$ cat start09.cif   # mmCIF, C-alpha atoms
data_target
loop_
_atom_site.label_atom_id
_atom_site.label_comp_id
_atom_site.auth_asym_id
_atom_site.auth_seq_id
_atom_site.Cartn_x
_atom_site.Cartn_y
_atom_site.Cartn_z
CA MET D 1 142.87 -20.77 20.46
CA CYS D 2 144.30 -17.24 20.11
CA ASP D 3 142.21 -14.81 18.02
CA ASP D 4 145.13 -14.07 15.68
CA VAL D 5 145.65 -17.77 14.96
CA ALA D 6 142.00 -18.67 14.25
CA PRO D 7 141.60 -16.86 10.86
CA GLN D 8 144.89 -18.27 9.55
CA LEU D 9 143.96 -21.76 10.74
CA LYS D 10 140.56 -21.62 9.07
CA ASN D 11 142.17 -20.50 5.82
CA ILE D 12 144.62 -23.42 5.95
CA LEU D 13 141.79 -25.88 6.55
CA ALA D 14 139.64 -24.39 3.78
CA ASN D 15 142.45 -25.04 1.28
CA ALA D 16 143.29 -28.54 2.51
CA PRO D 17 142.06 -31.24 0.08
CA LEU D 18 140.65 -33.26 2.98
CA TYR D 19 138.31 -30.43 4.01
CA ARG D 20 137.66 -28.50 0.80
CA MET D 21 134.11 -29.84 0.39
CA LEU D 22 132.87 -28.70 3.80
CA THR D 23 130.14 -26.11 4.28
CA PRO D 24 131.05 -22.90 6.14
CA ARG D 25 129.37 -24.19 9.31
CA GLN D 26 131.19 -27.52 9.09
CA LEU D 27 134.48 -25.75 8.48
CA ASP D 28 133.85 -23.63 11.56
CA LEU D 29 133.25 -26.80 13.58
CA ILE D 30 136.47 -28.41 12.35
CA ALA D 31 138.47 -25.22 12.96
CA ALA D 32 137.11 -24.89 16.51
CA ASN D 33 138.30 -28.42 17.25
CA THR D 34 141.69 -28.18 15.55
CA SER D 35 144.94 -27.22 17.24
CA PRO D 36 148.19 -26.33 15.43
CA ARG D 37 151.45 -27.91 16.52
CA ARG D 38 154.76 -26.40 15.43
CA LEU D 39 157.53 -28.92 16.03
CA GLU D 40 161.27 -29.06 15.44
CA VAL D 41 163.10 -32.01 13.89
CA ASN D 42 163.10 -35.40 15.65
CA VAL D 43 160.18 -34.62 17.96
CA SER D 44 157.72 -37.38 18.88
CA VAL D 45 154.19 -36.71 17.66
CA VAL D 46 152.48 -39.92 18.81
CA SER D 47 153.77 -43.05 20.51
CA GLN D 48 152.96 -46.65 19.67
CA GLY D 49 150.04 -47.69 21.87
CA GLU D 50 148.85 -44.12 22.51
CA ALA D 51 145.11 -43.49 22.33
CA ALA D 52 143.98 -41.90 19.06
CA THR D 53 141.97 -38.79 19.92
CA GLY D 54 141.87 -37.33 16.43
CA THR D 55 143.65 -37.11 13.11
CA PHE D 56 146.72 -35.17 11.98
CA TRP D 57 147.29 -33.04 8.87
CA VAL D 58 150.80 -32.05 7.73
CA VAL D 59 150.82 -28.36 6.72
CA TYR D 60 154.57 -28.32 6.09
CA GLY D 61 157.54 -30.43 7.07
CA GLN D 62 157.74 -34.21 7.20
CA VAL D 63 157.02 -37.08 9.58
CA ASN D 64 158.38 -40.60 9.81
CA ILE D 65 155.90 -43.36 10.68
CA SER D 66 157.52 -46.50 12.05
CA VAL D 67 156.75 -49.62 14.08
CA HIS D 68 159.05 -50.65 16.92
CA SER D 69 159.35 -54.23 18.15
CA LYS D 70 159.83 -55.32 21.75
CA GLN D 71 163.37 -56.29 20.80
CA GLY D 72 164.14 -52.68 19.91
CA SER D 73 164.21 -52.93 16.12
CA ALA D 74 162.30 -50.42 14.01
CA ARG D 75 160.55 -50.73 10.65
CA MET D 76 159.72 -47.55 8.82
CA LEU D 77 156.29 -47.62 7.18
CA ALA D 78 156.04 -44.22 5.53
CA LEU D 79 157.42 -40.73 5.16
CA LEU D 80 154.67 -38.15 4.87
CA GLY D 81 155.09 -34.55 3.75
CA ALA D 82 152.91 -31.51 3.23
CA GLY D 83 149.28 -32.25 2.39
CA LYS D 84 149.27 -35.72 3.92
CA CYS D 85 147.27 -36.92 6.92
CA PHE D 86 147.75 -39.77 9.37
CA GLY D 87 145.87 -41.39 12.22
CA LEU D 88 142.60 -41.68 10.29
CA SER D 89 142.05 -45.43 10.72
CA GLU D 90 142.94 -45.48 14.42
CA MET D 91 140.71 -42.48 15.05
CA LEU D 92 137.70 -43.94 13.21
CA LEU D 93 138.04 -47.28 14.99
CA GLY D 94 138.71 -45.70 18.36
CA GLN D 95 141.87 -47.78 18.64
CA GLU D 96 145.41 -47.08 19.83
CA HIS D 97 148.06 -45.85 17.42
CA GLN D 98 149.88 -48.83 15.95
CA ALA D 99 153.00 -46.88 15.02
CA CYS D 100 155.31 -44.18 16.30
CA VAL D 101 155.38 -40.85 14.50
CA LYS D 102 158.33 -38.43 14.65
CA THR D 103 159.19 -35.32 12.70
CA THR D 104 162.15 -35.53 10.32
CA ALA D 105 162.11 -31.78 9.66
CA SER D 106 160.71 -28.62 11.23
CA SER D 107 157.00 -29.13 10.80
CA MET D 108 153.56 -27.70 11.37
CA LEU D 109 150.81 -30.22 12.05
CA LEU D 110 147.11 -29.75 12.63
CA HIS D 111 145.32 -32.08 15.06
CA THR D 112 141.53 -32.30 14.72
CA GLU D 113 139.45 -33.91 17.45
CA ARG D 114 137.64 -37.16 16.73
CA ASP D 115 134.11 -36.05 17.68
CA ALA D 116 134.17 -33.12 15.25
CA ILE D 117 135.30 -35.33 12.37
CA LEU D 118 132.65 -37.96 13.14
CA THR D 119 129.96 -35.27 13.19
CA VAL D 120 130.96 -33.95 9.77
CA LEU D 121 131.25 -37.50 8.39
CA ASP D 122 127.59 -38.06 9.30
CA GLU D 123 126.54 -34.83 7.60
CA ASN D 124 128.69 -34.59 4.47
CA PRO D 125 128.83 -37.50 1.95
CA GLY D 126 131.62 -35.79 -0.01
CA PHE D 127 133.80 -35.64 3.08
CA ALA D 128 133.00 -39.28 3.86
CA ARG D 129 134.06 -40.30 0.33
CA GLU D 130 137.32 -38.36 0.65
CA VAL D 131 138.12 -40.08 3.95
CA MET D 132 137.32 -43.50 2.42
CA THR D 133 139.52 -42.71 -0.59
CA ARG D 134 142.45 -41.84 1.65
CA LEU D 135 141.99 -44.98 3.71
CA GLY D 136 141.80 -47.00 0.49
CA ARG D 137 145.08 -45.53 -0.74
CA GLN D 138 146.76 -46.33 2.55
CA PHE D 139 145.51 -49.92 2.42
CA TYR D 140 146.59 -50.31 -1.21
CA SER D 141 150.06 -48.98 -0.37
CA LEU D 142 150.34 -51.35 2.58
CA VAL D 143 149.41 -54.39 0.47
CA ARG D 144 151.91 -53.29 -2.17
CA ASP D 145 154.61 -52.98 0.48
CA ILE D 146 153.87 -56.47 1.80
CA GLY D 147 154.17 -57.82 -1.73
CA ASN D 148 157.56 -56.14 -2.06
CA TYR D 149 159.03 -58.18 0.80
CA SER D 150 159.69 -60.97 -1.70
CA LEU D 151 161.53 -58.68 -4.13
CA SER D 152 165.29 -58.35 -4.38
CA ALA D 153 166.98 -55.17 -3.14
CA HIS D 154 167.41 -53.98 -6.76
CA GLN D 155 163.71 -54.55 -7.43
CA ARG D 156 162.67 -52.70 -4.26
CA LEU D 157 164.71 -49.68 -5.31
CA ALA D 158 163.21 -49.85 -8.82
CA ASP D 159 159.71 -49.92 -7.33
CA TYR D 160 160.56 -46.97 -5.07
CA LEU D 161 161.78 -44.92 -8.04
CA LEU D 162 158.67 -45.78 -10.03
CA ARG D 163 156.43 -44.69 -7.15
CA GLN D 164 158.30 -41.41 -6.79
CA GLY D 165 158.18 -40.96 -10.56
CA GLU D 166 154.37 -41.15 -10.48
CA GLN D 167 154.40 -37.90 -8.49
CA THR D 168 156.72 -35.95 -10.79
CA PRO D 169 156.06 -34.76 -14.37
CA ASN D 170 159.59 -35.45 -15.57
CA ALA D 171 162.62 -37.65 -14.95
CA GLU D 172 163.83 -35.57 -11.97
CA ILE D 173 163.21 -37.13 -8.58
CA GLU D 174 164.01 -35.27 -5.37
CA LEU D 175 164.60 -37.73 -2.54
CA ILE D 176 162.21 -36.78 0.26
CA ALA D 177 164.53 -37.96 3.04
CA ASN D 178 168.15 -38.77 3.74
CA LYS D 179 169.56 -42.10 2.58
CA SER D 180 169.37 -43.68 6.04
CA LEU D 181 165.60 -43.21 6.17
CA ILE D 182 165.11 -44.37 2.59
CA ALA D 183 167.29 -47.41 3.31
CA SER D 184 165.06 -48.23 6.28
CA ARG D 185 162.01 -47.85 4.06
CA LEU D 186 163.49 -50.36 1.59
CA CYS D 187 164.69 -52.76 4.32
CA VAL D 188 168.36 -52.40 3.38
CA THR D 189 171.37 -50.86 5.08
CA PRO D 190 172.56 -47.37 4.04
CA GLU D 191 175.69 -49.00 2.61
CA THR D 192 173.58 -51.34 0.49
CA LEU D 193 171.48 -48.45 -0.75
CA SER D 194 174.61 -46.57 -1.84
CA ARG D 195 175.75 -49.69 -3.69
CA LEU D 196 172.35 -49.99 -5.37
CA PHE D 197 172.55 -46.39 -6.56
CA ARG D 198 176.02 -47.11 -7.97
CA ASP D 199 174.72 -50.21 -9.74
CA PHE D 200 171.81 -48.31 -11.27
CA SER D 201 174.16 -45.53 -12.37
CA ALA D 202 176.64 -47.97 -13.89
CA ASP D 203 173.81 -49.60 -15.86
CA GLY D 204 172.79 -46.23 -17.29
CA MET D 205 169.43 -46.12 -15.51
CA ILE D 206 169.96 -43.08 -13.29
CA LYS D 207 172.25 -40.18 -12.51
CA VAL D 208 172.66 -39.23 -8.84
CA SER D 209 173.54 -35.76 -7.61
CA GLY D 210 173.05 -35.42 -3.86
CA ARG D 211 169.35 -35.94 -3.18
CA ARG D 212 168.43 -35.39 -6.82
CA ILE D 213 168.07 -38.41 -9.10
CA THR D 214 167.64 -38.13 -12.83
CA VAL D 215 166.11 -41.23 -14.38
CA LEU D 216 167.87 -41.79 -17.70
CA ASP D 217 166.04 -44.93 -18.79
CA TRP D 218 162.61 -45.68 -17.32
CA SER D 219 162.30 -48.82 -19.45
CA LYS D 220 165.30 -50.42 -17.74
CA VAL D 221 163.96 -49.51 -14.31
CA THR D 222 160.56 -50.99 -15.18
CA ALA D 223 162.15 -54.12 -16.66
CA LEU D 224 163.60 -55.01 -13.25
CA LEU D 225 160.04 -55.62 -12.04
CA ALA D 226 158.87 -57.57 -15.08
#
$ encode --input "start09.cif" --output "structure tokens"
Amino acid sequence: MCDDVAPQLKNILANAPLYRMLTPRQLDLIAANTSPRRLEVNVSVVSQGEAATGTFWVVYGQVNISVHSKQGSARMLALLGAGKCFGLSEMLLGQEHQACVKTTASSMLLHTERDAILTVLDENPGFAREVMTRLGRQFYSLVRDIGNYSLSAHQRLADYLLRQGEQTPNAEIELIANKSLIASRLCVTPETLSRLFRDFSADGMIKVSGRRITVLDWSKVTALLA
């Protein structure tokens, strides 16, 4: 690693929620085994079936995690932005990546080697709890997604808006991806998603302006899932 990159990298890691509880020596170990990757849009980060040699942290940008079938179809699992990590479960289990990961925007990722993370996990209970918490959230989200397969398209959009609303302090929701990606996330076509937005707007639930959605009536959105 270049000398001019090392101090900046250590500062980024020190402020990352995943690593904020590390001791200076542990932070040095993680930094020494972390490499930055600056990638443009639509660049492959990992391939399905590739060996997991560490975990990734998104400094800025966005990645699309999807599973591809042998028949060529793709199912998007998640869109992750700044502050999110991926590859934790595969890395801990020493298994292959089960999904493909591509950038959907110009991004900077940090890749930390498996052995360094395992060493710090053995030493630092706070770090171990943080890793378990993140894995728990991922599992909870996956189970929730599986449960949503039985929902109607209107209900899946309502659930998506409610999830996004949990991350914002007001009724303004900024879509984190284009409509094609969100449609894939909801298992509908882009045309169906546009129709759903029109239906929600006509019912007085939302107002759409580009990628910005204003929720006008949360009670109506919630009622769709009752």
$ axis_aligned_box --input "start09.cif" --around "region 107-120 of chain D" --padding-each-side "6 Å" --output "lines of an AutoDock Vina configuration file"
center_x = 143.5
center_y = -32.8
center_z = 13.7
size_x = 39.0
size_y = 22.3
size_z = 19.9
$ closest_residue --input "start09.cif" --among "D:Leu88, D:Lys10, D:Gly204, D:Leu151" --to "Met132 (chain D)" --atoms "all atoms listed in the file"
D:Leu88
$ closest_residue --input "start09.cif" --among "D:Val58, D:Leu13, D:Met108, D:Val67" --to "Arg37 (chain D)" --atoms "only C-alpha atoms"
D:Met108
$ residues_near_point --input "start09.cif" --point "(138.0, -30.8, 10.6)" --cutoff "12 Å" --atoms "all atoms listed in the file" --output "PyMOL selection string"
chain D and resi 9-10+12-35+54-57+85+88+110-121+124+127-128+131
$ closest_residue --input "start09.cif" --among "D:Glu40, D:Leu196, D:Pro125, D:Val101" --to "Ala74 (chain D)" --atoms "all atoms listed in the file"
D:Val101
$ resolve_selection --input "start09.cif" --expression "the PyMOL selection byres ((chain D and resi 102) around 7)" --output "list in words"
Asn42, Val43, Ser44, Val45, Val63, Asn64, Ile65, Cys100, Val101, Thr103 and Thr104 of chain D
$ closest_residue --input "start09.cif" --among "D:Ala153, D:Val208, D:Ile213, D:Ala52" --to "Leu186 (chain D)" --atoms "only C-alpha atoms"
D:Ala153
$ closest_residue --input "start09.cif" --among "D:Gly81, D:Arg137, D:Met76, D:Gly49" --to "Val188 (chain D)" --atoms "all atoms listed in the file"
D:Met76
$ atom_distance --input "start09.cif" --atom1 "CA of Ala82 (chain D)" --atom2 "CA of Gln164 (chain D)"
15.1 Å
$ atom_distance --input "start09.cif" --atom1 "CA of Ala223 (chain D)" --atom2 "CA of Ala158 (chain D)"
9.0 Å
$ atom_distance --input "start09.cif" --atom1 "CA of Lys84 (chain D)" --atom2 "CA of Phe139 (chain D)"
14.8 Å
$ build_atoms --input "start09.cif" --residues "region 97-131 of chain D" --atoms "N, CA and C atoms" --output "mmCIF file, in the frame of the given file"
data_model
loop_
_atom_site.group_PDB
_atom_site.id
_atom_site.type_symbol
_atom_site.label_atom_id
_atom_site.label_comp_id
_atom_site.auth_asym_id
_atom_site.auth_seq_id
_atom_site.Cartn_x
_atom_site.Cartn_y
_atom_site.Cartn_z
ATOM 1 N N HIS D 97 147.133 -45.982 18.542
ATOM 2 C CA HIS D 97 148.060 -45.850 17.420
ATOM 3 C C HIS D 97 148.946 -47.090 17.345
ATOM 4 N N GLN D 98 149.077 -47.624 16.153
ATOM 5 C CA GLN D 98 149.880 -48.830 15.950
ATOM 6 C C GLN D 98 151.321 -48.531 15.579
ATOM 7 N N ALA D 99 151.650 -47.259 15.429
ATOM 8 C CA ALA D 99 153.000 -46.880 15.020
ATOM 9 C C ALA D 99 153.440 -45.623 15.747
ATOM 10 N N CYS D 100 154.742 -45.406 15.767
ATOM 11 C CA CYS D 100 155.310 -44.180 16.300
ATOM 12 C C CYS D 100 155.424 -43.160 15.171
ATOM 13 N N VAL D 101 155.241 -41.908 15.493
ATOM 14 C CA VAL D 101 155.380 -40.850 14.500
ATOM 15 C C VAL D 101 156.324 -39.789 15.047
ATOM 16 N N LYS D 102 157.380 -39.468 14.275
ATOM 17 C CA LYS D 102 158.330 -38.430 14.650
ATOM 18 C C LYS D 102 158.562 -37.496 13.474
ATOM 19 N N THR D 103 158.871 -36.269 13.772
ATOM 20 C CA THR D 103 159.190 -35.320 12.700
ATOM 21 C C THR D 103 160.614 -35.591 12.201
ATOM 22 N N THR D 104 160.811 -35.437 10.905
ATOM 23 C CA THR D 104 162.150 -35.530 10.320
ATOM 24 C C THR D 104 162.609 -34.167 9.815
ATOM 25 N N ALA D 105 161.784 -33.154 10.043
ATOM 26 C CA ALA D 105 162.110 -31.780 9.660
ATOM 27 C C ALA D 105 161.233 -30.861 10.517
ATOM 28 N N SER D 106 161.575 -29.583 10.547
ATOM 29 C CA SER D 106 160.710 -28.620 11.230
ATOM 30 C C SER D 106 159.346 -28.664 10.565
ATOM 31 N N SER D 107 158.313 -28.843 11.367
ATOM 32 C CA SER D 107 157.000 -29.130 10.800
ATOM 33 C C SER D 107 155.891 -28.361 11.508
ATOM 34 N N MET D 108 154.794 -28.190 10.775
ATOM 35 C CA MET D 108 153.560 -27.700 11.370
ATOM 36 C C MET D 108 152.479 -28.728 11.097
ATOM 37 N N LEU D 109 151.871 -29.235 12.162
ATOM 38 C CA LEU D 109 150.810 -30.220 12.050
ATOM 39 C C LEU D 109 149.521 -29.644 12.621
ATOM 40 N N LEU D 110 148.410 -30.112 12.092
ATOM 41 C CA LEU D 110 147.110 -29.750 12.630
ATOM 42 C C LEU D 110 146.467 -31.018 13.192
ATOM 43 N N HIS D 111 146.003 -30.947 14.434
ATOM 44 C CA HIS D 111 145.320 -32.080 15.060
ATOM 45 C C HIS D 111 143.853 -31.732 15.247
ATOM 46 N N THR D 112 142.973 -32.529 14.632
ATOM 47 C CA THR D 112 141.530 -32.300 14.720
ATOM 48 C C THR D 112 140.895 -33.392 15.569
ATOM 49 N N GLU D 113 140.066 -32.981 16.512
ATOM 50 C CA GLU D 113 139.450 -33.910 17.450
ATOM 51 C C GLU D 113 138.471 -34.864 16.760
ATOM 52 N N ARG D 114 138.419 -36.071 17.297
ATOM 53 C CA ARG D 114 137.640 -37.160 16.730
ATOM 54 C C ARG D 114 136.149 -36.832 16.625
ATOM 55 N N ASP D 115 135.555 -36.295 17.674
ATOM 56 C CA ASP D 115 134.110 -36.050 17.680
ATOM 57 C C ASP D 115 133.689 -35.096 16.569
ATOM 58 N N ALA D 116 134.503 -34.070 16.308
ATOM 59 C CA ALA D 116 134.170 -33.120 15.250
ATOM 60 C C ALA D 116 134.196 -33.792 13.882
ATOM 61 N N ILE D 117 135.203 -34.642 13.653
ATOM 62 C CA ILE D 117 135.300 -35.330 12.370
ATOM 63 C C ILE D 117 134.126 -36.293 12.188
ATOM 64 N N LEU D 118 133.776 -37.026 13.237
ATOM 65 C CA LEU D 118 132.650 -37.960 13.140
ATOM 66 C C LEU D 118 131.345 -37.232 12.847
ATOM 67 N N THR D 119 131.171 -36.062 13.437
ATOM 68 C CA THR D 119 129.960 -35.270 13.190
ATOM 69 C C THR D 119 129.863 -34.868 11.724
ATOM 70 N N VAL D 120 130.970 -34.385 11.169
ATOM 71 C CA VAL D 120 130.960 -33.950 9.770
ATOM 72 C C VAL D 120 130.835 -35.148 8.829
ATOM 73 N N LEU D 121 131.406 -36.286 9.200
ATOM 74 C CA LEU D 121 131.250 -37.500 8.390
ATOM 75 C C LEU D 121 129.771 -37.880 8.255
ATOM 76 N N ASP D 122 129.020 -37.734 9.324
ATOM 77 C CA ASP D 122 127.590 -38.060 9.300
ATOM 78 C C ASP D 122 126.797 -37.086 8.416
ATOM 79 N N GLU D 123 127.284 -35.869 8.303
ATOM 80 C CA GLU D 123 126.540 -34.830 7.600
ATOM 81 C C GLU D 123 126.917 -34.671 6.127
ATOM 82 N N ASN D 124 128.168 -34.965 5.777
ATOM 83 C CA ASN D 124 128.690 -34.590 4.470
ATOM 84 C C ASN D 124 129.188 -35.817 3.699
ATOM 85 N N PRO D 125 128.414 -36.316 2.722
ATOM 86 C CA PRO D 125 128.830 -37.500 1.950
ATOM 87 C C PRO D 125 130.143 -37.283 1.196
ATOM 88 N N GLY D 126 130.376 -36.065 0.718
ATOM 89 C CA GLY D 126 131.620 -35.790 -0.010
ATOM 90 C C GLY D 126 132.825 -35.949 0.882
ATOM 91 N N PHE D 127 132.709 -35.482 2.110
ATOM 92 C CA PHE D 127 133.800 -35.640 3.080
ATOM 93 C C PHE D 127 134.000 -37.116 3.411
ATOM 94 N N ALA D 128 132.903 -37.851 3.564
ATOM 95 C CA ALA D 128 133.000 -39.280 3.860
ATOM 96 C C ALA D 128 133.708 -40.023 2.728
ATOM 97 N N ARG D 129 133.396 -39.662 1.477
ATOM 98 C CA ARG D 129 134.060 -40.300 0.330
ATOM 99 C C ARG D 129 135.544 -39.985 0.316
ATOM 100 N N GLU D 130 135.904 -38.745 0.634
ATOM 101 C CA GLU D 130 137.320 -38.360 0.650
ATOM 102 C C GLU D 130 138.078 -39.146 1.711
ATOM 103 N N VAL D 131 137.486 -39.303 2.884
ATOM 104 C CA VAL D 131 138.120 -40.080 3.950
ATOM 105 C C VAL D 131 138.277 -41.539 3.508
#
